[in-house]
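A.B. asks: Quick one: this structure, given as structure tokens, is what I'll be asking you about.
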Amino acid sequence: MLGRTDEVLSVSGLTKRFSTANSVLTRMLSGKNRRHVVHAVEDVTFSIGRGSTLALVGESGCGKSTIARCITGILAPTSGTIDFMGVDMGQAHSGRALRAHRRHLQMIFQDPYASLNPRWRVGRIIAEPIVTHRLLESRAKVEARIEDLLLLVGLSAQDAMRYPHQFSGGQRQRISIARALASEPDFIVCDEPTSALDVSVQAQILNLMRRLQERLGLTYLLISHNLAVVAHMAERIGVMYLGRIVEIGEAGTVLASPLHPYTRMLLDTLPDLEMRRRHRPPLKGDVPSPLAPPTGCAYHPRCPLANVRCTHERPQPINTGGVVVACHAVAEGRASQAAMLRTPPS
Amino acid sequence: MADVDAKPERAASAWRDTELFHDFRRSPLAVVSLLIVVTLVAAALGADVVAPFNSNDPASANVIDARLPPGSIGTMGQRYLLGTDPQGRDMLSAIIYGLRISLLVGFGSVALAAFVGMVLGLLSGYCGGLLDALVMRIADVQLSFPTILIALMIDGITRTVMGREMHDAMALSVLILAIAATYWVQYARIIRGLVLVERTKEYVLAAKVTGVSPFRIIASHIRPNVTGPMLVIATINLALAIITEATLSFLGVGVPPTMPSLGMLVRIGNEYLFSGDWWISIFPGATLVLLSLSVNLFGDWLRDALNPKLSGT
Amino acid sequence: MKSLLSVRRLRVEIPTRSATLVVVDDVSFEVAEGEILGVVGESGAGKSMTGIAIIGLLDPPARIAAGEIIFAGRRLDNLDAEAMRTLRGRQIGAVFQDPLTSLNPLLTIGHQLVQTMTTHLDISQREARQGAAALLAEVGVPAAAERLAAYPHELSGGMRQRVVVALAFCCNPKFVIADEPTTALDVSIQAQVMEMLRRISREHGTAIMLITHDMGVIAELADRVAVMYAGRIIEIGPTRAVLKSPSHPYTRALMASIPIIDRRAASLLQIEGSMPRPDAIPSGCAFHPRCPSRLARCNHDRPELAPVDGSLAACWLNAATRT
């Protein structure tokens, strides 16, 4: 299936808010009316080119998982558009027509123990997308396809008869990948695909994902909190903080010369595995809660470069040399001083 | 959080190797109670063969032989092992046929309650919102009534609506309905709770992303994962249902007098208890106790045996 | 440095119906006073079991089948439950992974700290409260004195973990076991908590046995590190030496499979297969089926830890190259 443009996904102004109001009955009976709105995702814009990988990075509460669910149509956005290969996924709740379009889109999840139905055999799990979209006519063809997929992800044909509990975590992720590939999708959302795996297994899965991308021309949206994994997998990186993208650009550029103070902080917290004993500026502050976001720029309580303007005025995204960043310090040219404080690698 | 090694491969159907079977063999209580239940069920099923007389046939009741003590010989030379009742019915046969009714109503009402409870629990838990609120409030209201009262109410309503003859002909169905109406709530609540947990799991999300319809998700994905505890609830329910039917029959609002329910027999014998004809009440009563106790004990054992597996995954 | 904890040939078994599983196999190491020893390994390696065995919290049927655990001159493995309980809290503290379940949700954190301190130390309530407030400030909880009245659910994950650390250190123990102390935290908070752990350990002179699957945590915190595989220690030595120039093929492969930002490789090194389960441990060297450089003898001879370049490693390849 070819898209009209070279972009597989184009998200514009995506916003998702949750209401935590009590139910009608509780309000009537207890008189407590707690009306809080959680701004999970605010005004997010990005696009992904065919065959490439965009990574969204951030810590808990930044909204990356919510974006994944909006894109895959599990949640309906509050506002904004999600253009997936010509169709607005924001309307995905309504309409059988959209269901057919879903065959081009799939998702891999974080927890290998909860992402496979424990009562189903592996073969049935993998075949579900094929059966749901009625892609193959005969049973024999479906079984042949299941076997192909199992071999493609490094498992064996007999595994189709087994149950998930007979496999290790890494093998289960392979099964999830096989299921994701069953309907020959163009685009796969990967939500922390290796966070729950051991390091050596993580390497196997990441290598597999890259091989498959090259071979099948897949496009990935990779969601992760691990910058090293992201560096290994993505062409472009978007850094998220409390529901907004604070910096987005080409991976090499963002990692080598991070502009936003939060991006720099994330890079600073990477473990020093090569034992270089590099200098690290003092870190402070807690990850904020989306229920009580700070005023102005959400990062200002923890930012070494925050000034008065940061406390009441939210920074608008600006484009500097191909990287889009939302930061007053960068806009005012103050960020370059701080850049000198960070010891460059090697 | 990180990778855990897979459990050893085990053929899914070899239940003899399961922990459950080993626990069973080691527990004399479980074995004995199951044996008793199986024996009673077999006797009830084979009532036509096992019982010396056909209690459903009014001709088998010989009024001349009324109220004979256990072990007596009747006027036509038959031996009444457990004596006879005021109408001349052989107690042993009446008890065996009565067992049939108890088990029929018991199993029937439990099956109906389980089915209705499961469906409502699934829908309630998955859909949430107004449907969930509605079902749960009905359940709450129902729980505040004693079960006997609800059964009485339903029975009374059908009696008035249908008229006496039709009611008698459909007595068993009405009983099953009435008892099931009191027990569906437990199933619904437990299933709903489990559904609330399952529906946030990623395999359900994966199905949603794939575009599987909500009905299929509920029926094929969620249902198999939440119906486990139902077996345990059902065995405990069964004992209660049997006693409930007996109680209703004892009160006179259960089966019609032509059918020998165990509760009915106890009621009949109640009047004669203090004039010395003890066997008319005691034998059916003892059978009731034996049946419900065995079912209860087996259910208890089953719940304990399954529990560590349920929570230890 | 004096040796504080000495584990000698520890063996932990779990008898099951089909077989007896050996989850910790002939493990020996020392922890000196004030040093941080990291115990690293992937899931199923037996590192948590080792920690649980030392602290005396093994759940039956799991049991210590052989070996000795000597702490400050006393044997721990054969101590009765009452004596062990007194030792825990006073001499040995513990920090576990999940701060939510480590704290009693029904008691304020002040209450929990004070209760622990007055149980094990001979001080008054007032002194305990002052000590608790000081300790909270030390672990980096802002407005410590007011925070004593807070309940665990009122704090964020990172703050809760700091409280757990404070609880572990409140009786000034000589030794703390920390099992995945930062795994459940966000990365920016992880770094802060690790920094705090290092600082508090140095200031109080407390030794820490740090159990983790994350090499990054080892690199940041540990003075020495023991690498475990299938219930055995296969390499142990100073952190720098083990991480930069590992002497065991498993450690080498592990380090090479971790993605590092400044090292952009086309593909990560992957070790085929996975760690063996306790009921299917290969003969000889447990790693040999997956080892790219295995020799013939690795199949049937189990290697012991032998000195190599300042560390100890259990590998026949080192014996082959020596002399």
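We label chains A, B, ... in the order they appear in the structure tokens, count residues from 1 in each chain, and number ligands from 1 in the order shown.
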If we count only C-alpha atoms and set the cut-off at 12 Å, which residues sit around stretch 121-128 of chain C, ignoring sequence neighbours fewer than 4 positions away in its own chain? Please answer as an NGL selection string.
C.D. replies: :C and (86-87 or 89-91 or 110-117 or 132-135 or 148 or 170-173)
A.B. asks: Restricting it to N, CA and C atoms, dump the selection as a PDB file, in the first residue's frame.
C.D. replies:
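Below is the file result-v4.pdb, written as the result:
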```pdb
ATOM      1  N   THR C  86      16.582  -9.675  65.544  1.00  0.00           N
ATOM      2  CA  THR C  86      17.274  -8.609  66.275  1.00  0.00           C
ATOM      3  C   THR C  86      18.417  -8.045  65.457  1.00  0.00           C
ATOM      4  N   LEU C  87      19.094  -8.952  64.759  1.00  0.00           N
ATOM      5  CA  LEU C  87      20.229  -8.534  63.952  1.00  0.00           C
ATOM      6  C   LEU C  87      19.780  -7.660  62.787  1.00  0.00           C
ATOM      7  N   GLY C  89      17.852  -4.899  60.968  1.00  0.00           N
ATOM      8  CA  GLY C  89      17.405  -3.614  61.488  1.00  0.00           C
ATOM      9  C   GLY C  89      18.512  -2.947  62.273  1.00  0.00           C
ATOM     10  N   ARG C  90      19.128  -3.694  63.176  1.00  0.00           N
ATOM     11  CA  ARG C  90      20.177  -3.068  63.987  1.00  0.00           C
ATOM     12  C   ARG C  90      21.519  -3.115  63.275  1.00  0.00           C
ATOM     13  N   GLN C  91      21.897  -4.302  62.836  1.00  0.00           N
ATOM     14  CA  GLN C  91      23.209  -4.440  62.214  1.00  0.00           C
ATOM     15  C   GLN C  91      23.129  -4.529  60.698  1.00  0.00           C
ATOM     16  N   GLY C 110       7.144   9.052  59.618  1.00  0.00           N
ATOM     17  CA  GLY C 110       7.772   9.375  60.895  1.00  0.00           C
ATOM     18  C   GLY C 110       7.571   8.245  61.888  1.00  0.00           C
ATOM     19  N   HIS C 111       6.355   7.751  61.958  1.00  0.00           N
ATOM     20  CA  HIS C 111       6.027   6.665  62.869  1.00  0.00           C
ATOM     21  C   HIS C 111       6.902   5.447  62.586  1.00  0.00           C
ATOM     22  N   GLN C 112       7.036   5.108  61.301  1.00  0.00           N
ATOM     23  CA  GLN C 112       7.799   3.915  60.958  1.00  0.00           C
ATOM     24  C   GLN C 112       9.274   4.083  61.322  1.00  0.00           C
ATOM     25  N   LEU C 113       9.808   5.265  61.052  1.00  0.00           N
ATOM     26  CA  LEU C 113      11.207   5.500  61.391  1.00  0.00           C
ATOM     27  C   LEU C 113      11.412   5.438  62.901  1.00  0.00           C
ATOM     28  N   VAL C 114      10.564   6.167  63.618  1.00  0.00           N
ATOM     29  CA  VAL C 114      10.724   6.240  65.073  1.00  0.00           C
ATOM     30  C   VAL C 114      10.565   4.866  65.698  1.00  0.00           C
ATOM     31  N   GLN C 115       9.590   4.122  65.233  1.00  0.00           N
ATOM     32  CA  GLN C 115       9.341   2.790  65.777  1.00  0.00           C
ATOM     33  C   GLN C 115      10.556   1.892  65.604  1.00  0.00           C
ATOM     34  N   THR C 116      11.136   1.928  64.382  1.00  0.00           N
ATOM     35  CA  THR C 116      12.313   1.106  64.129  1.00  0.00           C
ATOM     36  C   THR C 116      13.451   1.509  65.040  1.00  0.00           C
ATOM     37  N   MET C 117      13.637   2.830  65.183  1.00  0.00           N
ATOM     38  CA  MET C 117      14.775   3.277  65.969  1.00  0.00           C
ATOM     39  C   MET C 117      14.614   2.960  67.444  1.00  0.00           C
ATOM     40  N   ALA C 132      15.271  10.954  63.164  1.00  0.00           N
ATOM     41  CA  ALA C 132      14.544  10.649  61.936  1.00  0.00           C
ATOM     42  C   ALA C 132      14.527  11.862  61.013  1.00  0.00           C
ATOM     43  N   ALA C 133      14.252  13.037  61.568  1.00  0.00           N
ATOM     44  CA  ALA C 133      14.212  14.249  60.745  1.00  0.00           C
ATOM     45  C   ALA C 133      15.579  14.516  60.117  1.00  0.00           C
ATOM     46  N   ALA C 134      16.633  14.335  60.910  1.00  0.00           N
ATOM     47  CA  ALA C 134      17.977  14.556  60.378  1.00  0.00           C
ATOM     48  C   ALA C 134      18.283  13.580  59.259  1.00  0.00           C
ATOM     49  N   LEU C 135      17.861  12.330  59.458  1.00  0.00           N
ATOM     50  CA  LEU C 135      18.125  11.312  58.457  1.00  0.00           C
ATOM     51  C   LEU C 135      17.367  11.602  57.155  1.00  0.00           C
ATOM     52  N   LEU C 148       7.694  14.137  58.266  1.00  0.00           N
ATOM     53  CA  LEU C 148       7.536  13.004  59.178  1.00  0.00           C
ATOM     54  C   LEU C 148       6.069  12.628  59.337  1.00  0.00           C
ATOM     55  N   CYS C 170      18.576   3.837  59.480  1.00  0.00           N
ATOM     56  CA  CYS C 170      18.243   4.607  60.683  1.00  0.00           C
ATOM     57  C   CYS C 170      18.901   4.085  61.950  1.00  0.00           C
ATOM     58  N   CYS C 171      19.222   2.800  62.011  1.00  0.00           N
ATOM     59  CA  CYS C 171      19.879   2.293  63.214  1.00  0.00           C
ATOM     60  C   CYS C 171      21.377   2.183  63.025  1.00  0.00           C
ATOM     61  N   ASN C 172      21.859   2.899  62.046  1.00  0.00           N
ATOM     62  CA  ASN C 172      23.291   2.911  61.765  1.00  0.00           C
ATOM     63  C   ASN C 172      23.876   1.509  61.616  1.00  0.00           C
ATOM     64  N   PRO C 173      23.316   0.734  60.698  1.00  0.00           N
ATOM     65  CA  PRO C 173      23.817  -0.634  60.549  1.00  0.00           C
ATOM     66  C   PRO C 173      25.184  -0.629  59.908  1.00  0.00           C
TER      67      PRO C 173
END
```
A.B. asks: Out of stretch 291-321 of chain C, which residues get alpha helix (DSSP H) from DSSP, as an MDAnalysis selection string?
C.D. replies: chainID C and resid 316:321
A.B. asks: Leaving out A:Leu291 and any residue of its chain fewer than 5 positions from it, which residues lie within 8 Å of it when counting only C-alpha atoms, given as a list of chain:residue names?
C.D. replies: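 Contacts, with the query itself left out: A:His36, A:Val37, A:Val38, A:His39.
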A.B. asks: Given a cut-off of 12 Å, which residues of chain C touch chain B, counting only C-alpha atoms, written out as a list in words?
C.D. replies: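 Result, ordered by chain then number: Thr16, Arg17, Ser18, Gly41, Glu42, Ser43, Gly44, Ala45, Gly46, Gln97, Asp98, Glu180, Thr183, Ala184, Thr212, His213, Asp214, Ala230, Gly273, Ser274, Met275, Pro276, Arg277, Pro278, Asp279 and Ala280 of chain C.
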A.B. asks: Give me, as a ChimeraX atom specification, the residues of chain C touching chain A, with the criterion being at most 9 Å (counting only C-alpha atoms).
C.D. replies: /C:42-43,156,158-159,186-192,213-220,239-240,243-244,253-255,257-274
A.B. asks: Using only C-alpha atoms, what does the table of chain A residues within 9 Å of chain B look like, with each row giving the shortest atom pair and its distance in Å to one decimal, sorted by chain and ascending number, as JSON lines?
C.D. replies:
```
{"residue": "A:Arg69", "atom": "CA", "partner": "B:Val209", "partner_atom": "CA", "distance": 8.8}
{"residue": "A:Thr72", "atom": "CA", "partner": "B:Val209", "partner_atom": "CA", "distance": 5.9}
{"residue": "A:Gly73", "atom": "CA", "partner": "B:Val209", "partner_atom": "CA", "distance": 6.9}
{"residue": "A:Ile74", "atom": "CA", "partner": "B:Val209", "partner_atom": "CA", "distance": 6.7}
{"residue": "A:Leu98", "atom": "CA", "partner": "B:Gly211", "partner_atom": "CA", "distance": 8.6}
{"residue": "A:Arg99", "atom": "CA", "partner": "B:Gly211", "partner_atom": "CA", "distance": 5.3}
{"residue": "A:Ala100", "atom": "CA", "partner": "B:Gly211", "partner_atom": "CA", "distance": 7.7}
{"residue": "A:His101", "atom": "CA", "partner": "B:Gly211", "partner_atom": "CA", "distance": 8.9}
{"residue": "A:Arg102", "atom": "CA", "partner": "B:Thr210", "partner_atom": "CA", "distance": 6.2}
{"residue": "A:Arg103", "atom": "CA", "partner": "B:Thr210", "partner_atom": "CA", "distance": 6.7}
{"residue": "A:Leu105", "atom": "CA", "partner": "B:Thr210", "partner_atom": "CA", "distance": 7.7}
{"residue": "A:Gln106", "atom": "CA", "partner": "B:Val209", "partner_atom": "CA", "distance": 6.5}
{"residue": "A:Met107", "atom": "CA", "partner": "B:Ala206", "partner_atom": "CA", "distance": 6.8}
{"residue": "A:Ile108", "atom": "CA", "partner": "B:Ala206", "partner_atom": "CA", "distance": 7.8}
{"residue": "A:Phe109", "atom": "CA", "partner": "B:Glu202", "partner_atom": "CA", "distance": 6.8}
{"residue": "A:Gln110", "atom": "CA", "partner": "B:Glu202", "partner_atom": "CA", "distance": 8.4}
{"residue": "A:Asp111", "atom": "CA", "partner": "B:Glu202", "partner_atom": "CA", "distance": 7.5}
{"residue": "A:Pro112", "atom": "CA", "partner": "B:Glu202", "partner_atom": "CA", "distance": 8.8}
{"residue": "A:Tyr113", "atom": "CA", "partner": "B:Glu202", "partner_atom": "CA", "distance": 8.8}
{"residue": "A:Ala114", "atom": "CA", "partner": "B:Glu202", "partner_atom": "CA", "distance": 5.4}
{"residue": "A:Ser115", "atom": "CA", "partner": "B:Tyr203", "partner_atom": "CA", "distance": 4.1}
{"residue": "A:Leu116", "atom": "CA", "partner": "B:Tyr203", "partner_atom": "CA", "distance": 5.0}
{"residue": "A:Asn117", "atom": "CA", "partner": "B:Tyr203", "partner_atom": "CA", "distance": 5.7}
{"residue": "A:Pro118", "atom": "CA", "partner": "B:Asn225", "partner_atom": "CA", "distance": 7.8}
{"residue": "A:Arg119", "atom": "CA", "partner": "B:Pro224", "partner_atom": "CA", "distance": 6.8}
{"residue": "A:Trp120", "atom": "CA", "partner": "B:His221", "partner_atom": "CA", "distance": 8.4}
{"residue": "A:Glu128", "atom": "CA", "partner": "B:Ala207", "partner_atom": "CA", "distance": 8.0}
{"residue": "A:Pro129", "atom": "CA", "partner": "B:Thr210", "partner_atom": "CA", "distance": 5.8}
{"residue": "A:Thr132", "atom": "CA", "partner": "B:Val212", "partner_atom": "CA", "distance": 6.2}
{"residue": "A:His133", "atom": "CA", "partner": "B:Gly211", "partner_atom": "CA", "distance": 8.2}
{"residue": "A:Arg162", "atom": "CA", "partner": "B:Glu9", "partner_atom": "CA", "distance": 8.8}
{"residue": "A:Tyr163", "atom": "CA", "partner": "B:Ala12", "partner_atom": "CA", "distance": 8.7}
{"residue": "A:His165", "atom": "CA", "partner": "B:Ala6", "partner_atom": "CA", "distance": 6.6}
{"residue": "A:Gln166", "atom": "CA", "partner": "B:Ala6", "partner_atom": "CA", "distance": 5.3}
{"residue": "A:Phe167", "atom": "CA", "partner": "B:Ala6", "partner_atom": "CA", "distance": 4.8}
{"residue": "A:Ser168", "atom": "CA", "partner": "B:Ala6", "partner_atom": "CA", "distance": 4.5}
{"residue": "A:Gly169", "atom": "CA", "partner": "B:Asp3", "partner_atom": "CA", "distance": 5.1}
{"residue": "A:Gly170", "atom": "CA", "partner": "B:Asp3", "partner_atom": "CA", "distance": 6.7}
{"residue": "A:Ala180", "atom": "CA", "partner": "B:Thr210", "partner_atom": "CA", "distance": 8.7}
{"residue": "A:Ser183", "atom": "CA", "partner": "B:Thr210", "partner_atom": "CA", "distance": 8.9}
{"residue": "A:Ser195", "atom": "CA", "partner": "B:Ala2", "partner_atom": "CA", "distance": 7.8}
{"residue": "A:Ala196", "atom": "CA", "partner": "B:Ala2", "partner_atom": "CA", "distance": 4.9}
{"residue": "A:Leu197", "atom": "CA", "partner": "B:Ala2", "partner_atom": "CA", "distance": 4.4}
{"residue": "A:Asp198", "atom": "CA", "partner": "B:Ala2", "partner_atom": "CA", "distance": 4.9}
{"residue": "A:Val199", "atom": "CA", "partner": "B:Ala2", "partner_atom": "CA", "distance": 8.4}
{"residue": "A:Val201", "atom": "CA", "partner": "B:Asp3", "partner_atom": "CA", "distance": 7.7}
```
A.B. asks: What lies within 9 Å of stretch 238-246 of chain B using only C-alpha atoms, ignoring chain neighbours under 4 positions off, as a PyMOL selection string?
C.D. replies: chain B and resi 102-103+105-107+109-110+147-148+151+175-176+179-180+183+233-234+250-251+254-255+261-264+266+288-289+291-296
A.B. asks: DSSP on the backbone, strand (DSSP E or B) only: what residues of stretch 69-189 of chain B does that give? Format it as a short mmCIF file (atom, residue, chain, number, x, y, z; two decimals) with C-alpha atoms, in the first residue's frame.
C.D. replies:
```cif
data_model
loop_
_atom_site.label_atom_id
_atom_site.label_comp_id
_atom_site.auth_asym_id
_atom_site.auth_seq_id
_atom_site.Cartn_x
_atom_site.Cartn_y
_atom_site.Cartn_z
CA SER B 72 -41.21 -53.97 58.14
CA ILE B 73 -42.83 -56.22 55.61
CA ARG B 79 -39.84 -55.10 52.44
CA TYR B 80 -39.82 -51.41 53.34
CA THR B 84 -43.27 -45.84 54.85
CA ASP B 90 -41.76 -46.49 50.53
#
```
A.B. asks: Between A:Ala127, A:Met161, A:Ile48, A:Ile223, which residue has the minimum interatomic distance to A:Thr66, considering only C-alpha atoms?
C.D. replies: A:Ile223
A.B. asks: State, in Å with one decimal place, the distance from atom CA of C:Ile177 to atom CA of C:Gly51.
C.D. replies: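 So the two atoms, atom CA of C:Ile177 and atom CA of C:Gly51, lie 6.9 Å apart.
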A.B. asks: Give me the residues near stretch 327-332 of chain A as an NGL selection string, where near means some atom within 8 Å (using only C-alpha atoms) and where sequence neighbours in that chain fewer than 5 positions away do not count.
C.D. replies: :A and (246 or 259-260 or 297 or 305-306 or 309-310 or 315-318)
A.B. asks: Residues near C:Arg224, anyone? I mean within 6 Å using only C-alpha atoms, not counting same-chain ones fewer than 6 positions away, as number ranges by chain.
C.D. replies: C: 37, 237-239
A.B. asks: Next, dump the selected residues to file, keeping only N, CA and C atoms, as a PDB file, in the first residue's frame.
C.D. replies:
```
ATOM      1  N   LEU C  37      29.787  -3.669  47.377  1.00  0.00           N
ATOM      2  CA  LEU C  37      29.972  -4.805  46.470  1.00  0.00           C
ATOM      3  C   LEU C  37      28.735  -4.939  45.613  1.00  0.00           C
ATOM      4  N   GLY C 237      35.713  -8.944  40.948  1.00  0.00           N
ATOM      5  CA  GLY C 237      36.915  -8.126  41.003  1.00  0.00           C
ATOM      6  C   GLY C 237      36.570  -6.659  41.099  1.00  0.00           C
ATOM      7  N   PRO C 238      37.557  -5.776  41.059  1.00  0.00           N
ATOM      8  CA  PRO C 238      37.290  -4.329  41.113  1.00  0.00           C
ATOM      9  C   PRO C 238      36.437  -3.935  39.908  1.00  0.00           C
ATOM     10  N   THR C 239      35.506  -3.014  40.118  1.00  0.00           N
ATOM     11  CA  THR C 239      34.545  -2.668  39.067  1.00  0.00           C
ATOM     12  C   THR C 239      35.220  -2.242  37.779  1.00  0.00           C
TER      13      THR C 239
END
```
A.B. asks: To one decimal in Å, tell me the separation between atom CA of B:Leu194 and atom CA of B:Leu122.
C.D. replies: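 Computing the Euclidean distance for atom CA of B:Leu194 and atom CA of B:Leu122 yields 9.0 Å.
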